[in-house]
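What's in my_file-v2.txt: compact mmCIF, C-alpha atoms and all ligand atoms
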```txt
# COMPACT_ATOMS: atom_id res chain seq x y z
CA ALA A 1 -16.53 -15.10 -10.29
CA VAL A 2 -19.20 -14.57 -7.67
CA ARG A 3 -17.98 -12.39 -4.87
CA GLU A 4 -18.30 -13.88 -1.46
CA ASN A 5 -19.14 -11.21 1.04
CA VAL A 6 -17.33 -11.39 4.39
CA LEU A 7 -18.42 -8.13 5.98
CA ARG A 8 -21.34 -5.92 5.10
CA ILE A 9 -22.11 -2.80 7.09
CA SER A 10 -25.18 -0.79 6.24
CA GLY A 11 -26.62 2.32 7.78
CA LEU A 12 -24.24 2.13 10.74
CA LYS A 13 -24.67 4.92 13.27
CA VAL A 14 -22.90 5.21 16.60
CA ALA A 15 -23.48 7.86 19.24
CA TYR A 16 -21.43 8.47 22.36
CA GLY A 17 -24.04 10.21 24.46
CA GLY A 18 -24.89 13.28 22.43
CA ILE A 19 -21.95 12.94 20.06
CA GLN A 20 -22.78 11.22 16.77
CA ALA A 21 -19.40 9.70 15.88
CA VAL A 22 -20.65 7.56 12.97
CA LYS A 23 -23.55 8.98 11.01
CA GLY A 24 -24.84 6.21 8.75
CA ILE A 25 -22.19 4.42 6.75
CA ASP A 26 -22.14 1.51 4.30
CA LEU A 27 -19.04 -0.58 3.82
CA GLU A 28 -18.32 -3.96 2.30
CA VAL A 29 -15.42 -6.36 2.43
CA ASN A 30 -15.39 -9.34 0.09
CA LYS A 31 -13.47 -12.54 0.56
CA GLY A 32 -9.76 -12.11 -0.13
CA GLU A 33 -9.91 -8.33 -0.28
CA LEU A 34 -7.61 -5.92 1.49
CA ILE A 35 -9.78 -2.90 2.20
CA THR A 36 -8.59 0.28 3.83
CA LEU A 37 -10.55 2.88 5.72
CA ILE A 38 -8.66 6.16 5.84
CA GLY A 39 -9.46 9.57 7.27
CA ALA A 40 -8.36 12.25 9.68
CA ASN A 41 -8.24 12.06 13.47
CA GLY A 42 -11.67 11.75 14.94
CA ALA A 43 -13.35 10.77 11.68
CA GLY A 44 -14.93 7.72 13.30
CA LYS A 45 -12.68 4.93 12.00
CA THR A 46 -11.89 3.30 15.33
CA THR A 47 -15.51 3.63 16.38
CA THR A 48 -16.50 1.73 13.23
CA LEU A 49 -14.12 -1.12 14.06
CA LYS A 50 -15.36 -1.21 17.65
CA ALA A 51 -18.93 -1.41 16.41
CA ILE A 52 -17.96 -4.51 14.40
CA THR A 53 -16.34 -6.19 17.41
CA GLY A 54 -19.11 -5.09 19.74
CA THR A 55 -16.72 -3.29 22.06
CA LEU A 56 -18.68 -0.08 22.51
CA PRO A 57 -20.31 -0.35 25.92
CA ASN A 58 -22.99 2.23 26.67
CA CYS A 59 -23.25 3.39 23.08
CA ARG A 60 -26.21 3.49 20.78
CA VAL A 61 -25.34 1.43 17.71
CA GLU A 62 -27.86 1.48 14.87
CA GLY A 63 -27.81 -0.22 11.49
CA HIS A 64 -26.72 -3.64 10.27
CA ILE A 65 -23.43 -5.47 10.58
CA ASP A 66 -23.29 -8.82 8.82
CA TYR A 67 -20.24 -11.02 9.07
CA ALA A 68 -19.99 -14.26 7.10
CA GLY A 69 -23.66 -13.91 6.28
CA GLU A 70 -24.78 -13.52 9.86
CA ALA A 71 -25.93 -10.49 11.86
CA ILE A 72 -23.31 -9.99 14.58
CA LYS A 73 -24.60 -6.99 16.51
CA GLY A 74 -24.70 -8.06 20.13
CA VAL A 75 -22.48 -11.12 19.66
CA GLY A 76 -19.77 -11.12 22.36
CA SER A 77 -16.04 -10.91 21.65
CA PHE A 78 -15.42 -14.49 22.71
CA ASP A 79 -17.96 -15.78 20.20
CA LEU A 80 -16.53 -13.53 17.49
CA VAL A 81 -13.11 -15.09 18.02
CA LYS A 82 -14.72 -18.51 17.66
CA LYS A 83 -16.29 -17.23 14.44
CA LYS A 84 -12.76 -16.37 13.30
CA LEU A 85 -13.03 -12.60 13.43
CA ALA A 86 -9.77 -11.15 14.76
CA MET A 87 -8.94 -7.58 15.70
CA VAL A 88 -5.63 -5.90 16.42
CA PRO A 89 -6.65 -2.80 18.34
CA GLU A 90 -4.97 0.58 18.29
CA GLY A 91 -2.24 0.43 20.90
CA ARG A 92 -1.78 -3.28 20.14
CA GLY A 93 -3.24 -5.02 23.18
CA VAL A 94 -0.65 -7.74 23.69
CA PHE A 95 -0.58 -9.54 27.03
CA THR A 96 2.30 -7.57 28.52
CA ARG A 97 2.94 -9.96 31.42
CA MET A 98 3.07 -13.06 29.26
CA SER A 99 6.02 -14.11 27.16
CA ILE A 100 6.07 -13.65 23.44
CA HIS A 101 5.70 -17.39 22.98
CA GLU A 102 2.70 -17.47 25.36
CA ASN A 103 1.09 -14.56 23.51
CA LEU A 104 1.30 -16.53 20.27
CA LEU A 105 -0.17 -19.61 21.93
CA MET A 106 -3.04 -17.49 23.28
CA GLY A 107 -3.77 -16.39 19.73
CA ALA A 108 -4.35 -20.03 18.83
CA TYR A 109 -6.57 -20.92 21.77
CA THR A 110 -9.52 -21.76 19.52
CA ARG A 111 -7.39 -24.33 17.69
CA ASP A 112 -6.37 -27.79 18.81
CA ASP A 113 -3.95 -28.82 16.07
CA LYS A 114 -0.76 -28.75 18.12
CA ALA A 115 1.54 -29.50 15.18
CA GLY A 116 -0.09 -26.78 13.08
CA ILE A 117 0.17 -24.29 15.93
CA ASP A 118 3.88 -25.03 16.39
CA ALA A 119 4.44 -24.71 12.65
CA ASP A 120 2.68 -21.33 12.66
CA ILE A 121 4.79 -20.12 15.57
CA ASP A 122 7.90 -21.11 13.63
CA LYS A 123 6.52 -19.28 10.61
CA TRP A 124 5.99 -16.06 12.56
CA PHE A 125 9.41 -16.36 14.17
CA ALA A 126 10.87 -16.58 10.66
CA VAL A 127 8.91 -13.50 9.57
CA PHE A 128 9.84 -11.58 12.71
CA PRO A 129 13.27 -12.82 13.87
CA ARG A 130 13.23 -10.26 16.67
CA LEU A 131 10.32 -12.06 18.25
CA LYS A 132 12.17 -15.35 18.05
CA GLU A 133 15.23 -13.92 19.75
CA ARG A 134 12.97 -12.70 22.55
CA ALA A 135 10.55 -15.64 22.69
CA ALA A 136 10.80 -16.12 26.45
CA GLN A 137 10.78 -12.42 27.28
CA MET A 138 7.66 -10.70 28.62
CA ALA A 139 5.77 -8.92 25.84
CA GLY A 140 5.64 -5.71 27.87
CA THR A 141 9.41 -5.34 27.46
CA LEU A 142 9.15 -5.12 23.66
CA SER A 143 9.37 -1.85 21.76
CA GLY A 144 6.21 -0.41 20.23
CA GLY A 145 7.05 -1.79 16.82
CA GLU A 146 7.88 -5.22 18.18
CA GLN A 147 4.58 -5.26 20.09
CA GLN A 148 2.77 -4.39 16.87
CA MET A 149 4.45 -7.33 15.14
CA LEU A 150 3.51 -9.61 18.00
CA ALA A 151 -0.09 -8.37 18.04
CA MET A 152 -0.44 -9.08 14.33
CA ALA A 153 1.17 -12.49 14.58
CA ARG A 154 -1.02 -13.36 17.56
CA ALA A 155 -4.18 -12.36 15.69
CA LEU A 156 -3.12 -14.41 12.68
CA MET A 157 -2.47 -17.46 14.88
CA SER A 158 -6.27 -17.80 15.06
CA HIS A 159 -6.44 -18.25 11.26
CA PRO A 160 -9.00 -15.45 10.97
CA LYS A 161 -11.62 -15.26 8.28
CA LEU A 162 -11.46 -11.49 8.71
CA LEU A 163 -8.61 -9.50 10.24
CA LEU A 164 -9.34 -5.99 11.50
CA LEU A 165 -6.27 -3.79 11.93
CA ASP A 166 -6.53 -0.44 13.69
CA GLU A 167 -3.67 1.87 12.67
CA PRO A 168 -0.88 -0.68 12.78
CA SER A 169 1.69 1.92 11.70
CA MET A 170 0.88 4.41 14.43
CA GLY A 171 3.90 5.71 16.30
CA LEU A 172 6.37 3.47 14.47
CA SER A 173 9.63 4.39 12.77
CA PRO A 174 9.61 4.48 8.96
CA ILE A 175 11.49 1.17 8.79
CA MET A 176 8.99 -0.50 11.11
CA VAL A 177 6.11 0.97 9.11
CA GLU A 178 7.59 -0.54 5.94
CA LYS A 179 7.96 -3.90 7.65
CA ILE A 180 4.37 -3.86 8.95
CA PHE A 181 2.99 -2.97 5.52
CA GLU A 182 5.12 -5.66 3.91
CA VAL A 183 3.57 -8.20 6.27
CA VAL A 184 0.05 -6.86 5.63
CA ARG A 185 0.60 -7.24 1.87
CA THR A 186 2.04 -10.75 2.26
CA VAL A 187 -0.78 -11.90 4.53
CA SER A 188 -3.30 -10.45 2.08
CA ALA A 189 -1.58 -12.20 -0.82
CA GLU A 190 -1.90 -15.45 1.12
CA GLY A 191 -5.66 -14.94 0.99
CA VAL A 192 -6.54 -13.43 4.38
CA THR A 193 -9.39 -10.91 4.18
CA ILE A 194 -8.38 -7.64 5.84
CA LEU A 195 -9.98 -4.37 6.87
CA LEU A 196 -7.20 -1.90 7.59
CA VAL A 197 -7.79 1.42 9.33
CA GLU A 198 -4.91 3.77 8.63
CA GLN A 199 -3.85 7.37 8.80
CA ASN A 200 -0.94 6.64 6.49
CA ALA A 201 -3.22 7.02 3.47
CA LYS A 202 -0.53 6.63 0.85
CA LEU A 203 0.83 3.29 2.01
CA ALA A 204 -2.65 2.03 2.81
CA LEU A 205 -4.06 2.89 -0.63
CA GLN A 206 -0.99 1.47 -2.34
CA ALA A 207 -1.51 -1.83 -0.58
CA ALA A 208 -5.31 -2.01 -0.72
CA HIS A 209 -7.61 -3.35 -3.40
CA ARG A 210 -10.22 -0.76 -2.45
CA GLY A 211 -10.42 2.13 -0.06
CA TYR A 212 -13.00 4.21 1.77
CA VAL A 213 -12.49 7.74 3.03
CA MET A 214 -14.23 8.67 6.24
CA ASP A 215 -14.78 12.26 7.27
CA SER A 216 -16.78 13.46 10.27
CA GLY A 217 -18.67 10.20 10.64
CA LEU A 218 -19.51 9.74 6.97
CA ILE A 219 -17.98 7.83 4.06
CA THR A 220 -17.18 10.60 1.59
CA MET A 221 -15.37 8.61 -1.09
CA SER A 222 -14.61 5.05 -2.10
CA GLY A 223 -12.99 3.24 -4.96
CA ALA A 224 -10.07 1.15 -6.14
CA GLY A 225 -6.89 1.91 -4.20
CA ALA A 226 -4.98 2.89 -7.34
CA ASP A 227 -7.76 5.23 -8.52
CA MET A 228 -7.99 6.89 -5.15
CA LEU A 229 -4.25 7.52 -5.09
CA ASN A 230 -4.73 9.53 -8.28
CA ASP A 231 -7.86 11.36 -7.16
CA PRO A 232 -7.10 15.08 -6.75
CA ARG A 233 -9.36 15.34 -3.69
CA VAL A 234 -7.57 12.46 -1.98
CA LYS A 235 -4.19 13.88 -3.00
CA GLU A 236 -4.95 17.24 -1.54
CA ALA A 237 -6.67 16.21 1.67
CA TYR A 238 -4.90 12.95 2.60
CA LEU A 239 -1.63 12.66 0.72
CA GLY A 240 -0.36 16.20 1.22
CA GLU A 241 -0.02 16.68 -2.52
CA GLY A 242 -1.59 18.92 -5.12
P1 LIG B 1 -8.21 8.51 15.39
O1 LIG B 1 -7.47 8.27 14.15
O2 LIG B 1 -7.82 9.79 16.06
O3 LIG B 1 -8.29 7.34 16.31
P2 LIG B 1 -10.86 7.88 14.46
O4 LIG B 1 -11.21 8.19 13.06
O5 LIG B 1 -10.52 6.49 14.79
O6 LIG B 1 -9.70 8.84 14.90
P3 LIG B 1 -12.78 7.73 16.55
O7 LIG B 1 -11.77 7.34 17.57
O8 LIG B 1 -13.70 6.72 16.05
O9 LIG B 1 -12.06 8.41 15.31
O10 LIG B 1 -13.61 8.97 17.12
C1 LIG B 1 -14.73 9.53 16.45
C2 LIG B 1 -15.37 10.60 17.31
O11 LIG B 1 -15.96 10.02 18.46
C3 LIG B 1 -14.41 11.66 17.84
O12 LIG B 1 -15.05 12.90 17.79
C4 LIG B 1 -14.13 11.22 19.26
O13 LIG B 1 -13.83 12.33 20.07
C5 LIG B 1 -15.45 10.59 19.65
N1 LIG B 1 -15.25 9.53 20.65
C6 LIG B 1 -14.48 8.42 20.50
N2 LIG B 1 -14.55 7.64 21.60
C7 LIG B 1 -15.37 8.26 22.46
C8 LIG B 1 -15.84 7.95 23.78
N3 LIG B 1 -15.51 6.83 24.41
N4 LIG B 1 -16.69 8.85 24.36
C9 LIG B 1 -17.06 9.98 23.72
N5 LIG B 1 -16.65 10.32 22.49
C10 LIG B 1 -15.82 9.48 21.86
```

Show this structure as structure tokens.
Ligand code: ATP
Amino acid sequence: AVRENVLRISGLKVAYGGIQAVKGIDLEVNKGELITLIGANGAGKTTTLKAITGTLPNCRVEGHIDYAGEAIKGVGSFDLVKKKLAMVPEGRGVFTRMSIHENLLMGAYTRDDKAGIDADIDKWFAVFPRLKERAAQMAGTLSGGEQQMLAMARALMSHPKLLLLDEPSMGLSPIMVEKIFEVVRTVSAEGVTILLVEQNAKLALQAAHRGYVMDSGLITMSGAGADMLNDPRVKEAYLGEG
């Protein structure tokens, strides 16, 4: 089958003033893939995601970023949402002063199929019963893990063509981490294309079709998730084994 490319990054460089955070990377996500980008603190993973969404004010961004066959450097966030590119940022970014139900509706603001939107809300309430129990509660009153669930559900309400997830497991209890990864795998199995940035390399590589390792602004390794899990270099540096 011919692979349909959803995201293609080539020669991406990002500098914060004098600090070169991303030093020329290539990365590709094909339709239906779950791709993970792993690496240590400060490797440049979040910066890479922000370059895709164009949320790096006052930074020099060089190279090419193509999404759905179109160059998207300089396209604003509002237009990216209309183009069905959704991002769940690190730290979640839910609307804390809106209810859980309102947050989900906001996620669907580019849609106008009321019945479909209601059906999706019901679907997410079934996946995350805790959100249903708290539907009318302000999102800011949720725990970190619950906010992560809401942020993911809200992003998926837009029916994204590409979902960018920045460290969804960060700061969560092991049970919550399991739940989040279960949802990521399910959503991927339903056909959503995902780029997942994670520090939990083991779970990320177990879930992903392919992975990239980022170190000091460069991609140092890439390959099938299963192969990378068995790579001695990955084991030693990122899985705490070997
Ligand atoms: P983490 O997992 O800790 O979030 P990361 O791989 O996502 O790490 P980035 O957040 O992309 O890494 O950071 C890459 C480098 O860029 C780091 O050295 C960081 O200090 C620097 N950096 C990030 N944001 C800024 C900023 N706004 N101004 C200056 N330097 C920054």

### Query
Which one is closest to Leu150 of chain A: A:Gly107, A:Gly32, A:Gly171, A:Gly223? Count all atoms listed in the file.
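When distances to Leu150 of chain A are compared using all atoms listed in the file, the smallest one comes from A:Gly107.
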
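Of note, atom CA of Pro160 of chain A and atom CA of Val192 of chain A are spaced 7.3 Å apart.
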
### atom CA of Gln148 of chain A to atom CA of Leu218 of chain A, straight-line distance in Å
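It comes out at 28.2 Å.
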
Give, as JSON, the centre coordinates and the x, y and z edge lengths in Å to one decimal for an axis-aligned box around all listed atoms of segment 134-152 of chain A, padded by 6 Å on each side.
```
{"center_x": 6.3, "center_y": -8.3, "center_z": 21.5, "size_x": 25.4, "size_y": 27.7, "size_z": 26.3}
```

### Message
When you count all atoms listed in the file, which of these residues is closest to Ala119 of chain A: A:Gly145, A:Ile25, A:Gln199, A:Leu105?
### Response
A:Leu105

### Task
Compute the set of protein, DNA and RNA residues whose minimum atom distance to ligand LIG 1 (chain B) is at most 10 Å, using all atoms listed in the file, and state it as number ranges by chain.
A: 14-22, 37-51, 56-59, 90, 166-167, 170, 197-199, 214-217

Just-selected residues, C-alpha atoms written as an mmCIF file, in the coordinates of the input:
```cif
data_model
loop_
_atom_site.group_PDB
_atom_site.id
_atom_site.type_symbol
_atom_site.label_atom_id
_atom_site.label_comp_id
_atom_site.auth_asym_id
_atom_site.auth_seq_id
_atom_site.Cartn_x
_atom_site.Cartn_y
_atom_site.Cartn_z
ATOM 1 C CA VAL A 14 -22.900 5.210 16.600
ATOM 2 C CA ALA A 15 -23.480 7.860 19.240
ATOM 3 C CA TYR A 16 -21.430 8.470 22.360
ATOM 4 C CA GLY A 17 -24.040 10.210 24.460
ATOM 5 C CA GLY A 18 -24.890 13.280 22.430
ATOM 6 C CA ILE A 19 -21.950 12.940 20.060
ATOM 7 C CA GLN A 20 -22.780 11.220 16.770
ATOM 8 C CA ALA A 21 -19.400 9.700 15.880
ATOM 9 C CA VAL A 22 -20.650 7.560 12.970
ATOM 10 C CA LEU A 37 -10.550 2.880 5.720
ATOM 11 C CA ILE A 38 -8.660 6.160 5.840
ATOM 12 C CA GLY A 39 -9.460 9.570 7.270
ATOM 13 C CA ALA A 40 -8.360 12.250 9.680
ATOM 14 C CA ASN A 41 -8.240 12.060 13.470
ATOM 15 C CA GLY A 42 -11.670 11.750 14.940
ATOM 16 C CA ALA A 43 -13.350 10.770 11.680
ATOM 17 C CA GLY A 44 -14.930 7.720 13.300
ATOM 18 C CA LYS A 45 -12.680 4.930 12.000
ATOM 19 C CA THR A 46 -11.890 3.300 15.330
ATOM 20 C CA THR A 47 -15.510 3.630 16.380
ATOM 21 C CA THR A 48 -16.500 1.730 13.230
ATOM 22 C CA LEU A 49 -14.120 -1.120 14.060
ATOM 23 C CA LYS A 50 -15.360 -1.210 17.650
ATOM 24 C CA ALA A 51 -18.930 -1.410 16.410
ATOM 25 C CA LEU A 56 -18.680 -0.080 22.510
ATOM 26 C CA PRO A 57 -20.310 -0.350 25.920
ATOM 27 C CA ASN A 58 -22.990 2.230 26.670
ATOM 28 C CA CYS A 59 -23.250 3.390 23.080
ATOM 29 C CA GLU A 90 -4.970 0.580 18.290
ATOM 30 C CA ASP A 166 -6.530 -0.440 13.690
ATOM 31 C CA GLU A 167 -3.670 1.870 12.670
ATOM 32 C CA MET A 170 0.880 4.410 14.430
ATOM 33 C CA VAL A 197 -7.790 1.420 9.330
ATOM 34 C CA GLU A 198 -4.910 3.770 8.630
ATOM 35 C CA GLN A 199 -3.850 7.370 8.800
ATOM 36 C CA MET A 214 -14.230 8.670 6.240
ATOM 37 C CA ASP A 215 -14.780 12.260 7.270
ATOM 38 C CA SER A 216 -16.780 13.460 10.270
ATOM 39 C CA GLY A 217 -18.670 10.200 10.640
#
```

### Task
Would you please work out which residue, of A:Ala71, A:Leu164, A:Leu172, A:Ala237, is nearest to Thr36 of chain A when using only C-alpha atoms?
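Using only C-alpha atoms, the shortest distance to Thr36 of chain A belongs to A:Leu164.
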
### For atom CA of Ser188 of chain A and atom CA of Phe125 of chain A, the interatomic separation in Å (one decimal)
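If I compute the distance from atom CA of Ser188 of chain A to atom CA of Phe125 of chain A, I get 18.5 Å.
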
#### Entry: Protein, DNA and RNA residues within 7 Å of (-3.3, -17.6, 17.7), all atoms listed in the file, as a ChimeraX atom specification
/A:104-109,154-158

#### Entry: All residues 8 Å or closer to Ala226 of chain A, all atoms listed in the file, same chain fewer than 3 positions away omitted, as a PyMOL selection string
chain A and resi 205-206+209+229-230

### Message
If we count all atoms listed in the file and set the cut-off at 8 Å, which residues sit around Ile72 of chain A, ignoring sequence neighbours fewer than 6 positions away in its own chain? Please answer as a list in words.
### Response
Ile52, Ile65 and Asp66 of chain A

### Message
With distances taken over only C-alpha atoms, which residue among A:Ser169, A:Thr141, A:Ser10, A:Gln147 lies nearest Val61 of chain A?
### Response
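For Val61 of chain A, the nearest of the given residues is A:Ser10.
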